[in-house]
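Everything on this sheet refers to the single structure shown next.
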2 protein chains.
Amino acid sequence: MKFSIGIDIGGTNTAIGLVSEEGDILERIAIPTTGEADVNAYTTRLTDIVNRLRNNKVHPEIIGIGIGAPAVNHLTGVIEGATNLPWPSPIPLRKMMEERALLPVSMANDANAAAIGEMTYGVAKSMHDFIYITLGTGVGSGIVCDGRLLSGVRGLAGELGHVVIDPHSKRMCACGRNGCLQTYCSASGIVTTAIELLDGLDDNSSLRDIPSSELSSRDIGEAARKGDKIAIEALRRTGEILGFACAQFAAFSSPEAIILFGGPTRDADLLTKPLIESFQKNALFLYRDSVRILLSNLPADDAAILGAASLPYSIN
Amino acid sequence: MKFSIGIDIGGTNTAIGLVSEEGDILERIAIPTTGEADVNAYTTRLTDIVNRLRNNKVHPEIIGIGIGAPAVNHLTGVIEGATNLPWPSPIPLRKMMEERALLPVSMANDANAAAIGEMTYGVAKSMHDFIYITLGTGVGSGIVCDGRLLSGVRGLAGELGHVVIDPHSKRMCACGRNGCLQTYCSASGIVTTAIELLDGLDDNSSLRDIPSSELSSRDIGEAARKGDKIAIEALRRTGEILGFACAQFAAFSSPEAIILFGGPTRDADLLTKPLIESFQKNALFLYRDSVRILLSNLPADDAAILGAASLPYSIN
């Protein structure tokens, strides 16, 4: 049986896992990303952990290391301009790891890695054309066409969270523009929608008991599941906007599925049902029946490691 | 030297050309598409012409036939639901031609063929990632990623003319939805914009002498070149909207260039300059410097045959 090592580098923590080709995580280690003096010391520490995992005699054949990280160019394996990592750019991490660990290293940005993970271990297993969208702090995406990750120049393809879906929108995005999909469908986008509804409607809502500066998308999800009208409407509008956006994305790559991942999709029907309705209403007739809207079937806590671990199978 | 035969099937005429691998059209024949009793007779007539061209002893090595047509699935070589062709669907034209002509046949829809033509003979010659957009009766597109035409499920990728760029738009598209890019940037979209301006502004304009039912995008181009303010503003708005749309498309595939083809782009600066300004203003910072906006450098009258003739080099 084959194994790979998946490394998910986040701003706070780095998770390392030994993963079978079936997607079972056999060992899992977490270290603070900022715990070492510099990126050299950090890479050496990662290598020590990788060596510990591969020296485990039970798992001899490790085909490679996959690393998911922010702002990676997966064509070059270099991290550049990752604002939430503590080291100066550019970071030629693939080269650094390959020199130390003497194993092939594949890298991709988090959302792209998650898309490959879904294709390797998850609901996209038999698919060749799909769009993967993560809803979280931001809205990330990975696009697979003909079985391969869309890369584009400098590996910068698939920034669907920054597609402006309404040119008249007043919602400001962190990127400096208005109306990006992310301003509506990220965690904070959902909160903004709920606050607008609380201001504009008179309905009772348990969300009124939470100061708006503390309101989270998780609070909204919980309230919605308990039947809170405002919370339900906030998720409905989020789904409606995401469905409209997915309808536009379909015209680009004609995928067989659009796959969603992330917290807000847990409130399945409350967001997903209006999303599918909106997709059907807004898609060009060619795509109405050919594109399925699906949820990721990977465990939320494992998806990042699985995404990283899948890269040696797909990205060279 | 290698040659291919390009066949461009339009609703009215079919153009057939013998083309060198450098993109020189050595012979060119046109027949009416509707001149034969049925699609069998039409295919036999095409085959006769192909045989005449290949039996010319000066050009021995013909590597294949490429066909550009509406509503083709380039993966299967079948035409399905082409409303402007006189024969019932599905039409397995690739198979029919291969059986008769005994040459490999490649097919693609018109805009996709034109994109491949641009990559084979035109301004995209050294490119691997670009988006090609044709402005004409409609707005067509072909997307090339990593040197290959994006196909998607059923070969339906790249319908960028049907991306809704303003969810509040009242402009109705032939597809039944509102606000498609095509309703702004096709020939009739430009006319609609000019009529709105004529109604809304008091400026003198030579366009006021033309009944609005007879106004064409060509009239608007001519007036604009003569300095007509309303016509110039119509082209400016068209460019502005297309630039906004291109900025969103960039976030999908991160192309090295977006290449424009078609009548309205002849009024180069009047449409292209506001387009580039709008692209720069509306694109995510990642794409502002990495994406070039270019015009096709293929002769307008040859582009369809060249697109068809290029297919044997790229599409199998």
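Residue numbering restarts at 1 for every chain of the structure tokens, chains are lettered A, B, ... in their displayed order, and ligands are numbered from 1 as they appear.
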- Item | Contact residues (chain B, partner chain A, 9 Å, only C-alpha atoms) as a PyMOL selection string | chain B and resi 128-130+143+145-146+150-168+175-177+244+247-256+282-287+290-291
- Task: Apply DSSP to the backbone of this structure and, from range 26-120 of chain A, keep only the residues in strand (DSSP E or B); write these as a count of residues only.
- Result: 25
Chain B post-superposition (all in-order Cα pairs with chain A) as a compact mmCIF listing (two decimals) with C-alpha atoms, in the first residue's frame:
```txt
# COMPACT_ATOMS: atom_id res chain seq x y z
CA MET B 1 0.01 -0.01 0.03
CA LYS B 2 1.16 3.51 -0.77
CA PHE B 3 1.34 6.43 1.65
CA SER B 4 2.02 10.12 1.41
CA ILE B 5 2.74 12.82 3.95
CA GLY B 6 0.43 15.81 4.01
CA ILE B 7 1.52 19.11 5.56
CA ASP B 8 -0.99 21.90 6.02
CA ILE B 9 0.66 25.21 6.86
CA GLY B 10 -1.62 27.75 8.49
CA GLY B 11 -0.80 31.10 10.05
CA THR B 12 -1.00 29.64 13.56
CA ASN B 13 -0.54 25.89 13.33
CA THR B 14 1.02 23.39 10.98
CA ALA B 15 -0.58 19.94 10.77
CA ILE B 16 1.37 16.95 9.49
CA GLY B 17 -0.22 13.62 8.68
CA LEU B 18 0.75 10.22 7.36
CA VAL B 19 -2.04 9.27 4.92
CA SER B 20 -2.78 6.06 3.07
CA GLU B 21 -3.79 6.11 -0.59
CA GLU B 22 -7.34 5.36 0.59
CA GLY B 23 -7.33 8.58 2.59
CA ASP B 24 -6.93 7.15 6.08
CA ILE B 25 -4.89 9.41 8.33
CA LEU B 26 -2.66 6.99 10.31
CA GLU B 27 -0.69 9.50 12.29
CA ARG B 28 -1.21 13.18 12.92
CA ILE B 29 1.12 15.77 14.48
CA ALA B 30 0.57 19.51 14.99
CA ILE B 31 3.21 22.15 15.69
CA PRO B 32 2.99 25.92 15.99
CA THR B 33 3.96 27.56 12.69
CA THR B 34 5.70 30.41 14.52
CA GLY B 35 7.62 28.28 17.05
CA GLU B 36 11.04 28.38 15.34
CA ALA B 37 13.61 31.15 14.91
CA ASP B 38 13.30 31.32 11.12
CA VAL B 39 12.03 29.42 8.10
CA ASN B 40 15.21 27.33 7.95
CA ALA B 41 14.72 26.09 11.49
CA TYR B 42 11.02 25.53 10.78
CA THR B 43 11.82 23.46 7.67
CA THR B 44 14.36 21.40 9.63
CA ARG B 45 11.75 20.71 12.29
CA LEU B 46 9.23 19.61 9.62
CA THR B 47 11.89 17.32 8.17
CA ASP B 48 12.51 15.72 11.56
CA ILE B 49 8.81 14.93 11.85
CA VAL B 50 8.67 13.59 8.29
CA ASN B 51 11.65 11.31 9.02
CA ARG B 52 10.01 10.04 12.18
CA LEU B 53 6.86 9.16 10.19
CA ARG B 54 8.70 7.46 7.33
CA ASN B 55 10.97 5.47 9.63
CA ASN B 56 7.92 3.76 10.98
CA LYS B 57 8.62 0.32 9.50
CA VAL B 58 4.95 -0.51 9.07
CA HIS B 59 4.58 1.99 6.23
CA PRO B 60 7.53 1.55 3.92
CA GLU B 61 6.39 3.13 0.65
CA ILE B 62 6.00 6.90 0.99
CA ILE B 63 5.60 8.33 -2.48
CA GLY B 64 6.10 11.96 -1.53
CA ILE B 65 5.25 14.99 0.56
CA GLY B 66 2.40 17.34 -0.25
CA ILE B 67 2.22 20.82 1.24
CA GLY B 68 -0.84 23.06 1.33
CA ALA B 69 -0.02 26.67 2.20
CA PRO B 70 -1.22 30.20 1.51
CA ALA B 71 0.00 32.07 -1.58
CA VAL B 72 1.89 29.15 -3.15
CA ASN B 73 2.66 29.03 -6.82
CA HIS B 74 2.18 25.30 -7.39
CA LEU B 75 4.19 25.48 -10.60
CA THR B 76 7.32 26.66 -8.80
CA GLY B 77 6.76 25.56 -5.20
CA VAL B 78 7.51 29.06 -3.96
CA ILE B 79 5.44 30.95 -1.37
CA GLU B 80 5.23 34.64 -2.17
CA GLY B 81 3.38 37.37 -0.30
CA ALA B 82 1.60 35.20 2.28
CA THR B 83 0.60 37.92 4.75
CA ASN B 84 -0.27 35.47 7.55
CA LEU B 85 3.06 33.62 7.59
CA PRO B 86 5.86 34.99 9.81
CA TRP B 87 8.72 34.79 7.24
CA PRO B 88 9.82 37.16 4.46
CA SER B 89 8.97 36.23 0.85
CA PRO B 90 9.85 34.58 -1.44
CA ILE B 91 10.10 31.22 0.36
CA PRO B 92 11.35 28.43 -1.95
CA LEU B 93 9.85 25.83 0.39
CA ARG B 94 9.63 22.96 -2.09
CA LYS B 95 13.36 23.15 -2.80
CA MET B 96 14.18 23.53 0.91
CA MET B 97 12.10 20.49 1.88
CA GLU B 98 13.34 18.33 -0.99
CA GLU B 99 16.96 19.02 -0.06
CA ARG B 100 16.36 18.07 3.56
CA ALA B 101 13.84 15.23 3.31
CA LEU B 102 15.10 13.65 0.07
CA LEU B 103 11.53 12.99 -1.04
CA PRO B 104 9.60 14.59 -3.90
CA VAL B 105 7.58 17.58 -2.64
CA SER B 106 4.40 18.94 -4.27
CA MET B 107 2.81 22.20 -3.19
CA ALA B 108 -0.42 24.06 -3.81
CA ASN B 109 -2.39 26.80 -2.13
CA ASP B 110 -4.92 25.63 0.46
CA ALA B 111 -8.05 25.74 -1.67
CA ASN B 112 -6.35 24.11 -4.65
CA ALA B 113 -4.98 21.38 -2.39
CA ALA B 114 -8.44 20.81 -0.95
CA ALA B 115 -9.85 20.45 -4.47
CA ILE B 116 -7.26 17.81 -5.32
CA GLY B 117 -7.99 16.13 -1.98
CA GLU B 118 -11.66 15.95 -2.91
CA MET B 119 -10.73 14.38 -6.26
CA THR B 120 -8.38 11.87 -4.64
CA TYR B 121 -10.36 10.83 -1.56
CA GLY B 122 -13.76 12.54 -1.63
CA VAL B 123 -16.97 13.16 -3.53
CA ALA B 124 -15.12 14.15 -6.73
CA LYS B 125 -13.33 10.80 -6.92
CA SER B 126 -14.45 9.87 -10.43
CA MET B 127 -14.69 13.41 -11.76
CA HIS B 128 -12.53 15.21 -14.32
CA ASP B 129 -14.22 18.59 -14.43
CA PHE B 130 -15.39 20.34 -11.30
CA ILE B 131 -15.20 23.58 -9.36
CA TYR B 132 -14.47 23.41 -5.64
CA ILE B 133 -15.47 26.33 -3.41
CA THR B 134 -14.59 26.72 0.27
CA LEU B 135 -16.61 29.01 2.49
CA GLY B 136 -14.62 30.20 5.50
CA THR B 137 -12.79 33.34 6.61
CA GLY B 138 -12.63 34.01 2.88
CA VAL B 139 -14.06 32.26 -0.15
CA GLY B 140 -11.44 30.07 -1.80
CA SER B 141 -11.63 27.90 -4.86
CA GLY B 142 -9.86 25.31 -6.96
CA ILE B 143 -10.85 24.46 -10.51
CA VAL B 144 -10.18 21.08 -12.08
CA CYS B 145 -10.51 20.75 -15.86
CA ASP B 146 -9.89 17.50 -17.68
CA GLY B 147 -8.48 15.98 -14.49
CA ARG B 148 -5.90 18.70 -13.93
CA LEU B 149 -5.77 21.70 -11.64
CA LEU B 150 -6.23 24.92 -13.59
CA SER B 151 -3.09 26.90 -12.95
CA GLY B 152 -2.80 29.80 -15.38
CA VAL B 153 0.08 32.24 -15.37
CA ARG B 154 2.04 32.14 -12.09
CA GLY B 155 -0.39 29.53 -10.73
CA LEU B 156 -2.94 32.25 -9.98
CA ALA B 157 -6.05 30.70 -11.53
CA GLY B 158 -9.16 30.06 -9.46
CA GLU B 159 -9.63 33.15 -7.31
CA LEU B 160 -13.41 32.91 -7.53
CA GLY B 161 -13.90 34.57 -4.14
CA HIS B 162 -12.77 37.75 -5.88
CA VAL B 163 -15.20 37.65 -8.76
CA VAL B 164 -17.36 40.78 -8.48
CA ILE B 165 -20.92 39.55 -8.67
CA ASP B 166 -22.65 42.91 -8.47
CA PRO B 167 -20.97 45.97 -10.01
CA HIS B 168 -23.25 48.27 -7.96
CA SER B 169 -22.43 46.66 -4.61
CA LYS B 170 -21.27 48.80 -1.71
CA ARG B 171 -19.69 45.89 0.17
CA MET B 172 -15.97 46.48 0.49
CA CYS B 173 -13.61 43.56 0.13
CA ALA B 174 -10.19 43.25 1.78
CA CYS B 175 -8.74 43.35 -1.76
CA GLY B 176 -9.83 46.99 -2.07
CA ARG B 177 -12.68 46.44 -4.51
CA ASN B 178 -16.44 46.28 -3.95
CA GLY B 179 -18.85 43.41 -4.47
CA CYS B 180 -16.51 40.40 -4.49
CA LEU B 181 -18.31 37.08 -3.90
CA GLN B 182 -16.30 36.84 -0.69
CA THR B 183 -18.03 39.94 0.75
CA TYR B 184 -21.30 37.98 0.65
CA CYS B 185 -20.41 34.35 1.19
CA SER B 186 -17.47 34.34 3.62
CA ALA B 187 -18.15 34.02 7.35
CA SER B 188 -18.03 37.80 7.77
CA GLY B 189 -20.14 38.28 4.63
CA ILE B 190 -22.90 36.17 6.17
CA VAL B 191 -22.65 38.22 9.38
CA THR B 192 -22.94 41.45 7.37
CA THR B 193 -26.07 40.11 5.69
CA ALA B 194 -27.57 39.17 9.08
CA ILE B 195 -26.82 42.62 10.52
CA GLU B 196 -28.44 44.29 7.50
CA LEU B 197 -31.52 42.13 8.07
CA LEU B 198 -31.60 42.88 11.82
CA ASP B 199 -31.50 46.60 10.99
CA GLY B 200 -34.06 46.41 8.22
CA LEU B 201 -36.67 44.05 9.67
CA ASP B 202 -38.72 44.09 12.86
CA ASP B 203 -38.85 40.32 13.47
CA ASN B 204 -37.83 38.95 16.83
CA SER B 205 -34.48 37.25 16.67
CA SER B 206 -32.14 35.67 19.19
CA LEU B 207 -29.35 37.32 17.21
CA ARG B 208 -30.46 40.67 18.66
CA ASP B 209 -29.07 39.49 22.03
CA ILE B 210 -25.53 39.29 20.60
CA PRO B 211 -23.57 42.55 20.12
CA SER B 212 -23.02 42.90 16.38
CA SER B 213 -19.25 43.13 16.86
CA GLU B 214 -19.34 39.63 18.39
CA LEU B 215 -21.83 38.02 16.01
CA SER B 216 -20.36 35.04 14.12
CA SER B 217 -21.56 32.95 11.21
CA ARG B 218 -21.66 30.05 13.67
CA ASP B 219 -24.19 31.96 15.81
CA ILE B 220 -26.27 32.53 12.70
CA GLY B 221 -26.14 28.84 11.76
CA GLU B 222 -27.20 27.79 15.26
CA ALA B 223 -30.05 30.29 15.39
CA ALA B 224 -31.22 29.22 11.93
CA ARG B 225 -31.35 25.58 12.95
CA LYS B 226 -33.57 26.64 15.86
CA GLY B 227 -35.95 28.37 13.44
CA ASP B 228 -34.84 31.99 13.86
CA LYS B 229 -36.38 33.82 10.89
CA ILE B 230 -33.66 36.43 10.45
CA ALA B 231 -30.91 33.80 10.61
CA ILE B 232 -32.76 31.61 8.11
CA GLU B 233 -33.17 34.57 5.78
CA ALA B 234 -29.45 35.41 6.07
CA LEU B 235 -28.53 31.88 5.00
CA ARG B 236 -31.17 31.95 2.25
CA ARG B 237 -29.72 35.14 0.77
CA THR B 238 -26.20 33.75 1.02
CA GLY B 239 -27.28 30.65 -0.87
CA GLU B 240 -29.13 32.71 -3.44
CA ILE B 241 -26.07 34.85 -4.18
CA LEU B 242 -23.75 31.84 -4.27
CA GLY B 243 -26.15 30.09 -6.65
CA PHE B 244 -26.12 33.12 -8.94
CA ALA B 245 -22.30 33.14 -8.85
CA CYS B 246 -22.08 29.40 -9.54
CA ALA B 247 -24.36 29.87 -12.54
CA GLN B 248 -21.84 32.31 -14.01
CA PHE B 249 -18.88 30.06 -13.19
CA ALA B 250 -20.54 27.18 -15.05
CA ALA B 251 -20.35 29.16 -18.30
CA PHE B 252 -16.60 29.25 -17.95
CA SER B 253 -15.60 25.62 -17.54
CA SER B 254 -18.84 23.62 -17.94
CA PRO B 255 -18.10 21.44 -14.89
CA GLU B 256 -19.93 18.24 -14.02
CA ALA B 257 -20.23 19.47 -10.44
CA ILE B 258 -19.67 22.44 -8.19
CA ILE B 259 -18.57 21.16 -4.78
CA LEU B 260 -18.93 23.20 -1.61
CA PHE B 261 -16.94 22.92 1.57
CA GLY B 262 -16.96 24.84 4.85
CA GLY B 263 -18.87 25.71 7.99
CA PRO B 264 -21.93 27.39 6.49
CA THR B 265 -22.69 24.35 4.32
CA ARG B 266 -23.29 22.29 7.49
CA ASP B 267 -26.65 24.00 7.78
CA ALA B 268 -27.30 21.96 4.70
CA ASP B 269 -30.76 22.70 3.42
CA LEU B 270 -30.91 26.22 4.80
CA LEU B 271 -28.10 27.38 2.53
CA THR B 272 -27.88 24.63 -0.07
CA LYS B 273 -31.52 24.46 -1.08
CA PRO B 274 -31.80 28.17 -1.99
CA LEU B 275 -28.38 27.84 -3.65
CA ILE B 276 -29.57 25.06 -5.94
CA GLU B 277 -32.83 26.90 -6.70
CA SER B 278 -30.88 30.03 -7.53
CA PHE B 279 -28.43 28.09 -9.69
CA GLN B 280 -31.29 26.55 -11.67
CA LYS B 281 -32.96 29.93 -12.08
CA ASN B 282 -29.80 31.79 -13.10
CA ALA B 283 -27.83 29.27 -15.17
CA LEU B 284 -27.80 29.29 -18.95
CA PHE B 285 -30.09 26.49 -20.18
CA LEU B 286 -27.05 24.46 -21.29
CA TYR B 287 -25.90 24.04 -17.69
CA ARG B 288 -29.17 23.61 -15.81
CA ASP B 289 -29.21 19.84 -16.07
CA SER B 290 -25.52 19.12 -16.56
CA VAL B 291 -24.07 20.68 -13.40
CA ARG B 292 -24.62 19.09 -9.99
CA ILE B 293 -24.24 21.10 -6.78
CA LEU B 294 -22.66 18.83 -4.16
CA LEU B 295 -21.23 19.05 -0.66
CA SER B 296 -17.75 17.79 0.18
CA ASN B 297 -17.87 14.44 1.96
CA LEU B 298 -14.49 14.78 3.67
CA PRO B 299 -14.47 15.36 7.46
CA ALA B 300 -14.09 19.10 8.10
CA ASP B 301 -11.09 18.62 10.39
CA ASP B 302 -9.23 16.31 8.00
CA ALA B 303 -9.78 18.08 4.69
CA ALA B 304 -6.67 20.28 4.87
CA ILE B 305 -4.28 17.39 5.63
CA LEU B 306 -6.00 15.18 3.05
CA GLY B 307 -5.72 17.95 0.47
CA ALA B 308 -1.99 18.27 1.13
CA ALA B 309 -1.50 14.49 1.16
CA SER B 310 -3.24 14.15 -2.21
CA LEU B 311 -0.82 16.46 -4.03
CA PRO B 312 1.93 13.87 -4.70
CA TYR B 313 -0.64 11.91 -6.73
CA SER B 314 -1.53 14.86 -9.00
CA ILE B 315 0.91 17.78 -8.90
CA ASN B 316 4.50 17.45 -10.06
```
- Task: Based on DSSP run over this structure's backbone, return all residues of range 122-266 of chain A in alpha helix (DSSP H), as a VMD selection string.
- Result: chain A and resid 182 to 185 187 to 200 217 to 225 229 to 253
